[in-house]
file structure_27.csv (CSV, C-alpha atoms)
chain,number,residue,atom,x,y,z
B,329,ALA,CA,1.8,13.6,-11.0
B,330,GLN,CA,3.5,10.7,-9.3
B,331,LYS,CA,3.6,7.3,-10.8
B,332,VAL,CA,5.2,4.0,-10.0
B,333,THR,CA,5.7,1.3,-12.7
B,334,GLN,CA,6.5,-2.3,-12.1
B,335,ALA,CA,6.9,-3.7,-15.5
B,336,GLN,CA,7.0,-7.4,-14.4
B,337,THR,CA,3.5,-8.6,-13.8
B,338,GLU,CA,4.6,-12.2,-12.8
B,339,ILE,CA,7.9,-13.9,-12.2
B,340,SER,CA,8.5,-17.5,-11.6
B,341,VAL,CA,11.8,-18.8,-10.3
B,342,VAL,CA,13.1,-22.0,-8.8
B,343,GLU,CA,14.1,-22.1,-5.2
B,344,LYS,CA,17.7,-20.8,-4.5
B,345,GLU,CA,17.7,-18.7,-7.6
B,346,ASP,CA,18.3,-14.9,-7.3
B,347,VAL,CA,15.5,-12.7,-8.6
B,348,THR,CA,15.3,-8.9,-9.1
B,349,LEU,CA,12.0,-7.0,-9.1
B,350,ASP,CA,12.0,-3.8,-11.0
B,351,CYS,CA,10.5,-0.5,-9.9
B,352,VAL,CA,10.6,2.7,-11.9
B,353,TYR,CA,9.0,5.9,-10.5
B,354,GLU,CA,8.1,9.4,-11.7
B,355,THR,CA,7.9,12.4,-9.5
B,356,ARG,CA,8.6,16.1,-9.7
B,357,ASP,CA,9.4,16.4,-6.0
B,358,THR,CA,13.0,16.8,-5.0
B,359,THR,CA,12.2,15.1,-1.6
B,360,TYR,CA,10.3,11.9,-1.7
B,361,TYR,CA,10.3,8.4,-0.2
B,362,LEU,CA,10.2,5.0,-1.7
B,363,PHE,CA,8.9,1.8,-0.2
B,364,TRP,CA,8.6,-1.9,-0.8
B,365,TYR,CA,5.8,-4.0,0.6
B,366,LYS,CA,5.2,-7.7,0.5
B,367,GLN,CA,1.7,-9.2,0.2
B,368,PRO,CA,1.8,-12.9,0.9
B,369,PRO,CA,-1.2,-15.2,0.1
B,370,SER,CA,-2.7,-14.3,3.5
B,371,GLY,CA,-3.3,-10.8,2.1
B,372,GLU,CA,-1.8,-8.6,4.7
B,373,LEU,CA,0.7,-6.1,3.4
B,374,VAL,CA,4.1,-6.2,5.2
B,375,PHE,CA,6.4,-3.2,5.2
B,376,LEU,CA,9.9,-4.1,3.9
B,377,ILE,CA,11.9,-0.9,3.5
B,378,ARG,CA,11.7,2.9,3.3
B,379,ARG,CA,14.3,5.0,1.5
B,380,ASN,CA,14.4,8.7,1.2
B,381,SER,CA,15.5,10.5,-2.0
B,382,PHE,CA,18.7,11.8,-0.5
B,383,ASP,CA,20.1,8.4,0.4
B,384,GLU,CA,21.3,6.5,-2.6
B,385,GLN,CA,23.2,3.9,-0.6
B,386,ASN,CA,22.2,0.4,-1.4
B,387,GLU,CA,20.8,-1.6,1.5
B,388,ILE,CA,21.1,-5.2,2.3
B,389,SER,CA,19.0,-7.0,4.9
B,390,GLY,CA,19.7,-10.7,5.0
B,391,ARG,CA,18.7,-12.2,1.6
B,392,TYR,CA,17.1,-8.9,0.5
B,393,SER,CA,18.9,-6.0,-1.1
B,394,TRP,CA,17.7,-2.8,-2.7
B,395,ASN,CA,19.4,-0.7,-5.4
B,396,PHE,CA,18.3,2.9,-5.5
B,397,GLN,CA,19.4,4.9,-8.6
B,398,LYS,CA,18.1,8.4,-8.9
B,399,SER,CA,19.7,8.8,-12.4
B,400,THR,CA,17.4,6.1,-13.7
B,401,SER,CA,14.5,6.7,-11.2
B,402,SER,CA,14.7,3.1,-10.2
B,403,PHE,CA,14.4,1.3,-6.9
B,404,ASN,CA,15.0,-2.3,-7.6
B,405,PHE,CA,14.6,-5.2,-5.1
B,406,THR,CA,16.7,-8.3,-5.2
B,407,ILE,CA,16.1,-11.5,-3.4
B,408,THR,CA,19.1,-13.8,-3.1
B,409,ALA,CA,18.7,-17.5,-2.8
B,410,SER,CA,15.0,-17.3,-3.1
B,411,GLN,CA,12.8,-19.5,-0.9
B,412,VAL,CA,9.2,-20.8,-1.3
B,413,VAL,CA,8.1,-18.5,1.5
B,414,ASP,CA,9.1,-15.5,-0.6
B,415,SER,CA,6.2,-16.2,-2.9
B,416,ALA,CA,4.0,-13.1,-2.7
B,417,VAL,CA,3.0,-10.0,-4.5
B,418,TYR,CA,5.5,-7.3,-4.1
B,419,PHE,CA,4.5,-3.6,-4.3
B,420,CYS,CA,6.7,-0.6,-4.8
B,421,ALA,CA,5.4,2.7,-3.5
B,422,LEU,CA,6.2,6.4,-3.6
B,423,THR,CA,5.2,9.2,-1.4
B,424,ASP,CA,5.9,12.9,-1.3
B,425,ASN,CA,7.6,14.8,1.5
B,426,TYR,CA,4.4,15.1,3.5
B,427,GLY,CA,3.4,11.5,3.2
B,428,GLN,CA,0.1,12.4,1.6
B,429,ASN,CA,0.3,11.3,-2.0
B,430,PHE,CA,1.0,7.7,-1.5
B,431,VAL,CA,1.2,5.9,-4.9
B,432,PHE,CA,1.6,2.2,-5.3
B,433,GLY,CA,2.8,0.3,-8.3
B,434,PRO,CA,0.6,-2.5,-9.8
B,435,GLY,CA,2.7,-5.1,-8.1
B,436,THR,CA,4.8,-8.1,-9.2
B,437,ARG,CA,3.6,-11.6,-8.4
B,438,LEU,CA,6.6,-13.7,-7.5
B,439,SER,CA,6.3,-17.5,-7.4
B,440,VAL,CA,9.2,-19.5,-6.0
B,441,LEU,CA,8.9,-23.1,-7.0
B,442,PRO,CA,10.4,-25.9,-4.9
E,945,GLY,CA,-3.2,-2.4,20.0
E,946,ALA,CA,-0.1,-3.9,18.5
E,947,GLY,CA,-1.2,-3.4,14.9
E,948,VAL,CA,-3.9,-2.0,12.7
E,949,SER,CA,-7.1,-3.9,13.1
E,950,GLN,CA,-10.1,-3.9,10.8
E,951,SER,CA,-13.6,-5.1,11.2
E,952,PRO,CA,-15.4,-7.0,10.0
E,953,SER,CA,-13.0,-9.3,8.3
E,954,ASN,CA,-15.6,-10.3,5.8
E,955,LYS,CA,-18.9,-8.7,4.8
E,956,VAL,CA,-21.4,-10.0,2.3
E,957,THR,CA,-24.2,-7.7,1.5
E,958,GLU,CA,-27.0,-7.2,-1.1
E,959,LYS,CA,-26.8,-4.7,-3.8
E,960,GLY,CA,-28.3,-1.4,-2.6
E,961,LYS,CA,-27.6,-1.9,1.1
E,962,ASP,CA,-25.2,0.4,3.0
E,963,VAL,CA,-22.1,-1.0,4.7
E,964,GLU,CA,-19.7,0.4,7.3
E,965,LEU,CA,-16.1,-0.7,7.6
E,966,ARG,CA,-14.1,0.1,10.6
E,967,CYS,CA,-10.4,0.7,11.1
E,968,ASP,CA,-8.5,0.9,14.4
E,969,PRO,CA,-5.0,2.3,13.7
E,970,ILE,CA,-1.9,1.7,15.8
E,971,SER,CA,-2.2,3.8,18.9
E,972,GLY,CA,-0.6,7.2,18.5
E,973,HIS,CA,-0.5,7.1,14.7
E,974,THR,CA,-1.7,10.4,13.4
E,975,ALA,CA,-2.1,9.5,9.7
E,976,LEU,CA,-4.7,7.0,8.4
E,977,TYR,CA,-5.3,5.8,4.9
E,978,TRP,CA,-8.0,3.8,3.2
E,979,TYR,CA,-7.3,1.8,0.0
E,980,ARG,CA,-9.3,-0.6,-2.1
E,981,GLN,CA,-7.8,-3.7,-3.7
E,982,ARG,CA,-9.9,-5.5,-6.3
E,983,LEU,CA,-9.1,-9.2,-6.9
E,984,GLY,CA,-5.7,-9.6,-8.5
E,985,GLN,CA,-5.2,-5.8,-8.7
E,986,GLY,CA,-3.0,-3.2,-7.1
E,987,LEU,CA,-3.9,-0.8,-4.4
E,988,GLU,CA,-6.3,2.1,-5.2
E,989,PHE,CA,-6.0,5.1,-2.9
E,990,LEU,CA,-9.3,6.2,-1.4
E,991,ILE,CA,-8.8,8.8,1.3
E,992,TYR,CA,-6.2,10.1,3.8
E,993,PHE,CA,-6.7,11.5,7.3
E,994,GLN,CA,-4.3,13.6,9.2
E,995,GLY,CA,-5.8,13.5,12.7
E,996,ASN,CA,-9.5,13.8,12.1
E,997,SER,CA,-9.3,16.0,9.0
E,998,ALA,CA,-9.2,14.6,5.5
E,999,PRO,CA,-7.0,16.8,3.4
E,1000,ASP,CA,-7.2,14.4,0.4
E,1001,LYS,CA,-10.5,12.9,-0.6
E,1002,SER,CA,-9.6,12.7,-4.2
E,1003,GLY,CA,-9.6,8.9,-4.3
E,1004,LEU,CA,-13.2,8.4,-3.3
E,1005,PRO,CA,-14.8,6.8,-6.4
E,1006,SER,CA,-18.2,8.4,-6.0
E,1007,ASP,CA,-20.4,10.2,-3.6
E,1008,ARG,CA,-21.7,6.9,-2.3
E,1009,PHE,CA,-18.4,6.6,-0.4
E,1010,SER,CA,-17.6,8.6,2.7
E,1011,ALA,CA,-15.3,8.3,5.6
E,1012,GLU,CA,-14.8,9.9,9.0
E,1013,ARG,CA,-12.3,9.6,11.8
E,1014,THR,CA,-12.7,10.3,15.5
E,1015,GLY,CA,-9.7,12.2,16.8
E,1016,GLU,CA,-6.6,10.2,16.0
E,1017,SER,CA,-8.3,6.9,16.5
E,1018,VAL,CA,-11.0,4.9,14.8
E,1019,SER,CA,-12.0,5.5,11.3
E,1020,THR,CA,-15.2,4.4,9.5
E,1021,LEU,CA,-15.6,4.0,5.7
E,1022,THR,CA,-19.2,4.0,4.7
E,1023,ILE,CA,-20.4,2.8,1.3
E,1024,GLN,CA,-24.1,3.7,0.6
E,1025,ARG,CA,-26.3,1.8,-1.9
E,1026,THR,CA,-23.6,-0.7,-2.6
E,1027,GLN,CA,-23.0,-1.9,-6.2
E,1028,GLN,CA,-21.4,-5.1,-7.4
E,1029,GLU,CA,-18.4,-3.2,-8.6
E,1030,ASP,CA,-17.7,-2.2,-4.9
E,1031,SER,CA,-16.7,-5.8,-4.2
E,1032,ALA,CA,-13.1,-5.7,-3.1
E,1033,VAL,CA,-10.8,-5.9,-0.1
E,1034,TYR,CA,-10.7,-2.6,1.7
E,1035,LEU,CA,-7.4,-2.0,3.4
E,1036,CYS,CA,-6.6,0.5,6.1
E,1037,ALA,CA,-3.1,1.7,7.0
E,1038,SER,CA,-1.7,4.1,9.6
E,1039,SER,CA,1.6,5.8,10.0
E,1040,GLY,CA,3.2,7.4,13.0
E,1041,LEU,CA,4.8,10.6,11.8
E,1042,ALA,CA,3.0,13.8,10.8
E,1043,GLY,CA,4.0,16.7,8.7
E,1044,PRO,CA,6.9,17.3,6.3
E,1045,HIS,CA,10.2,15.5,6.1
E,1046,THR,CA,8.6,12.3,7.3
E,1047,GLY,CA,7.6,10.0,4.6
E,1048,ALA,CA,6.7,7.5,7.3
E,1049,ALA,CA,6.0,3.9,6.4
E,1050,GLN,CA,2.4,2.8,6.5
E,1051,TYR,CA,1.4,-0.2,8.5
E,1052,PHE,CA,-1.5,-2.1,7.0
E,1053,GLY,CA,-4.4,-3.9,8.6
E,1054,PRO,CA,-5.7,-7.3,7.4
E,1055,GLY,CA,-8.4,-5.7,5.3
E,1056,THR,CA,-12.2,-6.2,5.0
E,1057,ARG,CA,-13.3,-8.4,2.2
E,1058,LEU,CA,-16.6,-6.9,0.9
E,1059,THR,CA,-18.8,-9.0,-1.4
E,1060,VAL,CA,-21.8,-7.3,-2.9
E,1061,LEU,CA,-24.3,-9.8,-4.3
call {"tool": "encode", "arguments": {"input": "structure_27.csv", "output": "structure tokens"}}
result
Amino acid sequence: AQKVTQAQTEISVVEKEDVTLDCVYETRDTTYYLFWYKQPPSGELVFLIRRNSFDEQNEISGRYSWNFQKSTSSFNFTITASQVVDSAVYFCALTDNYGQNFVFGPGTRLSVLP
Amino acid sequence: GAGVSQSPSNKVTEKGKDVELRCDPISGHTALYWYRQRLGQGLEFLIYFQGNSAPDKSGLPSDRFSAERTGESVSTLTIQRTQQEDSAVYLCASSGLAGPHTGAAQYFGPGTRLTVL
């Protein structure tokens, strides 16, 4: 069975600090996809990134970066120089090759204080 | 439309009544998903459609819950004889790629907040 664990329930940082959100997954599939979503206070989930299991290159998009390590089954998300607008709940998710078994982690609530 | 839309945005109902929640996916998206999110909780998968068939109904919490989809467009989630524990935000998502080797991202609607009194 697939499972996503986000051990950090809540994180608080002060603006401009860097913060890393952890995601550990379990799957028996050899081909799978990992995602991060942001859910701001408005409630609507926003897609951030998709990564397939064959691509272990780290990715950077502005202040966001992702570290995918198959050896530790982790797909961690780092926000550099955090801003108040980054405050949200962040969900890590996993799906199989067919996009059917979509499993979300419990989410990490990030609060960035001014 | 430009994104996934859901209606109504808010629904307050009395225990025992039936409710229908509607989802309009992004045009052309073949896959459609329903999730439930209780207050302060994560997402709970309910059902997945590929076209108008539902290969995975495993997440529906009881036989009071049902869903249908017309072609590759609108989907309706129906909850019969609502209970207070059904109170949650019901989220719909669609994705554009079908079949294997896709793992397409899901794009979410704003949700319907259901309150059962």
call {"tool": "residues_around", "arguments": {"input": "structure_27.csv", "residues": "B:Leu441", "least_positions_apart": "6", "cutoff": "12 Å", "atoms": "only C-alpha atoms", "output": "number ranges by chain"}}
result
B: 339-345, 410-416
call {"tool": "interface_residues", "arguments": {"input": "structure_27.csv", "of": "chain E", "to": "chain B", "cutoff": "12 Å", "atoms": "all atoms listed in the file", "output": "ChimeraX atom specification"}}
result
/E:947-950,953,974-994,998-1003,1033-1057
call {"tool": "atom_distance", "arguments": {"input": "structure_27.csv", "atom1": "atom CA of B:Gln397", "atom2": "atom CA of B:Lys366"}}
result
21.1 Å
call {"tool": "residues_around", "arguments": {"input": "structure_27.csv", "residues": "stretch 1012-1015 of chain E", "least_positions_apart": "6", "cutoff": "8 Å", "atoms": "all atoms listed in the file", "output": "VMD selection string"}}
result
chain E and resid 993 995 to 997 1021
call {"tool": "atom_distance", "arguments": {"input": "structure_27.csv", "atom1": "atom CA of B:Asp350", "atom2": "atom CA of B:Pro369"}}
result
20.7 Å
call {"tool": "decode", "arguments": {"input": "structure_27.csv", "residues": "stretch 982-997 of chain E", "atoms": "all heavy atoms", "output": "short mmCIF file (atom, residue, chain, number, x, y, z; two decimals), in the first residue's frame"}}
result
data_model
loop_
_atom_site.label_atom_id
_atom_site.label_comp_id
_atom_site.auth_asym_id
_atom_site.auth_seq_id
_atom_site.Cartn_x
_atom_site.Cartn_y
_atom_site.Cartn_z
N ARG E 982 -11.88 17.24 6.28
CA ARG E 982 -12.48 17.71 7.51
C ARG E 982 -11.62 18.84 8.08
O ARG E 982 -10.44 18.96 7.78
CB ARG E 982 -12.62 16.58 8.52
CG ARG E 982 -13.65 15.53 8.09
CD ARG E 982 -14.04 14.67 9.26
NE ARG E 982 -15.22 13.88 8.98
CZ ARG E 982 -15.17 12.59 8.71
NH1 ARG E 982 -14.04 11.96 8.66
NH2 ARG E 982 -16.30 11.92 8.48
N LEU E 983 -12.20 19.63 8.94
CA LEU E 983 -11.55 20.82 9.47
C LEU E 983 -10.20 20.47 10.07
O LEU E 983 -10.10 19.62 10.96
CB LEU E 983 -12.45 21.47 10.53
CG LEU E 983 -11.97 22.81 11.08
CD1 LEU E 983 -11.92 23.84 9.97
CD2 LEU E 983 -12.87 23.28 12.22
N GLY E 984 -9.16 21.11 9.57
CA GLY E 984 -7.82 20.91 10.09
C GLY E 984 -7.18 19.59 9.75
O GLY E 984 -6.11 19.26 10.28
N GLN E 985 -7.82 18.85 8.87
CA GLN E 985 -7.31 17.53 8.52
C GLN E 985 -6.75 17.51 7.10
O GLN E 985 -6.86 18.49 6.35
CB GLN E 985 -8.44 16.49 8.61
CG GLN E 985 -9.13 16.44 9.96
CD GLN E 985 -8.21 15.92 11.04
OE1 GLN E 985 -7.54 14.91 10.88
NE2 GLN E 985 -8.18 16.61 12.17
N GLY E 986 -6.16 16.36 6.72
CA GLY E 986 -5.66 16.19 5.37
C GLY E 986 -6.78 15.79 4.42
O GLY E 986 -7.96 15.83 4.77
N LEU E 987 -6.38 15.40 3.23
CA LEU E 987 -7.35 15.02 2.21
C LEU E 987 -7.66 13.53 2.28
O LEU E 987 -6.75 12.71 2.34
CB LEU E 987 -6.81 15.36 0.82
CG LEU E 987 -7.00 16.80 0.37
CD1 LEU E 987 -6.03 17.71 1.08
CD2 LEU E 987 -6.87 16.92 -1.13
N GLU E 988 -8.94 13.23 2.23
CA GLU E 988 -9.40 11.84 2.25
C GLU E 988 -9.97 11.52 0.88
O GLU E 988 -10.96 12.12 0.45
CB GLU E 988 -10.47 11.69 3.34
CG GLU E 988 -11.09 10.33 3.45
CD GLU E 988 -12.24 10.32 4.44
OE1 GLU E 988 -12.52 11.37 5.06
OE2 GLU E 988 -12.87 9.27 4.60
N PHE E 989 -9.35 10.58 0.17
CA PHE E 989 -9.80 10.20 -1.16
C PHE E 989 -11.17 9.54 -1.10
O PHE E 989 -11.42 8.67 -0.27
CB PHE E 989 -8.78 9.25 -1.79
CG PHE E 989 -9.24 8.58 -3.04
CD1 PHE E 989 -9.25 9.27 -4.23
CD2 PHE E 989 -9.68 7.27 -3.02
CE1 PHE E 989 -9.67 8.65 -5.40
CE2 PHE E 989 -10.10 6.64 -4.17
CZ PHE E 989 -10.11 7.34 -5.37
N LEU E 990 -12.06 9.94 -2.00
CA LEU E 990 -13.39 9.35 -2.05
C LEU E 990 -13.57 8.47 -3.28
O LEU E 990 -13.91 7.29 -3.17
CB LEU E 990 -14.46 10.44 -2.03
CG LEU E 990 -14.52 11.32 -0.78
CD1 LEU E 990 -15.61 12.37 -0.93
CD2 LEU E 990 -14.73 10.49 0.47
N ILE E 991 -13.38 9.06 -4.47
CA ILE E 991 -13.66 8.32 -5.70
C ILE E 991 -12.91 8.95 -6.86
O ILE E 991 -12.59 10.14 -6.84
CB ILE E 991 -15.18 8.28 -5.99
CG1 ILE E 991 -15.52 7.32 -7.13
CG2 ILE E 991 -15.71 9.69 -6.27
CD1 ILE E 991 -17.01 7.06 -7.28
N TYR E 992 -12.64 8.12 -7.85
CA TYR E 992 -11.88 8.55 -9.02
C TYR E 992 -12.65 8.12 -10.27
O TYR E 992 -13.15 6.99 -10.34
CB TYR E 992 -10.50 7.90 -8.97
CG TYR E 992 -9.81 7.71 -10.29
CD1 TYR E 992 -9.24 8.79 -10.95
CD2 TYR E 992 -9.69 6.44 -10.86
CE1 TYR E 992 -8.57 8.62 -12.14
CE2 TYR E 992 -9.03 6.27 -12.07
CZ TYR E 992 -8.46 7.36 -12.70
OH TYR E 992 -7.81 7.18 -13.88
N PHE E 993 -12.77 9.02 -11.23
CA PHE E 993 -13.38 8.72 -12.51
C PHE E 993 -12.34 8.82 -13.61
O PHE E 993 -11.54 9.76 -13.65
CB PHE E 993 -14.49 9.73 -12.84
CG PHE E 993 -15.75 9.53 -12.06
CD1 PHE E 993 -15.96 10.21 -10.88
CD2 PHE E 993 -16.74 8.67 -12.52
CE1 PHE E 993 -17.13 10.05 -10.16
CE2 PHE E 993 -17.91 8.50 -11.81
CZ PHE E 993 -18.10 9.19 -10.62
N GLN E 994 -12.38 7.87 -14.53
CA GLN E 994 -11.63 7.98 -15.78
C GLN E 994 -12.71 8.00 -16.86
O GLN E 994 -13.35 6.99 -17.13
CB GLN E 994 -10.68 6.79 -15.95
CG GLN E 994 -9.80 6.90 -17.17
CD GLN E 994 -8.90 8.12 -17.12
OE1 GLN E 994 -9.16 9.15 -17.76
NE2 GLN E 994 -7.83 8.03 -16.37
N GLY E 995 -12.90 9.14 -17.49
CA GLY E 995 -14.06 9.30 -18.34
C GLY E 995 -15.30 9.26 -17.46
O GLY E 995 -15.34 9.93 -16.42
N ASN E 996 -16.28 8.48 -17.83
CA ASN E 996 -17.48 8.39 -16.99
C ASN E 996 -17.54 7.09 -16.20
O ASN E 996 -18.56 6.77 -15.59
CB ASN E 996 -18.76 8.58 -17.80
CG ASN E 996 -18.93 7.50 -18.85
OD1 ASN E 996 -18.12 6.59 -18.93
ND2 ASN E 996 -19.97 7.61 -19.64
N SER E 997 -16.45 6.35 -16.20
CA SER E 997 -16.43 5.13 -15.38
C SER E 997 -15.59 5.38 -14.14
O SER E 997 -14.67 6.20 -14.14
CB SER E 997 -15.87 3.96 -16.17
OG SER E 997 -14.50 4.17 -16.46
#
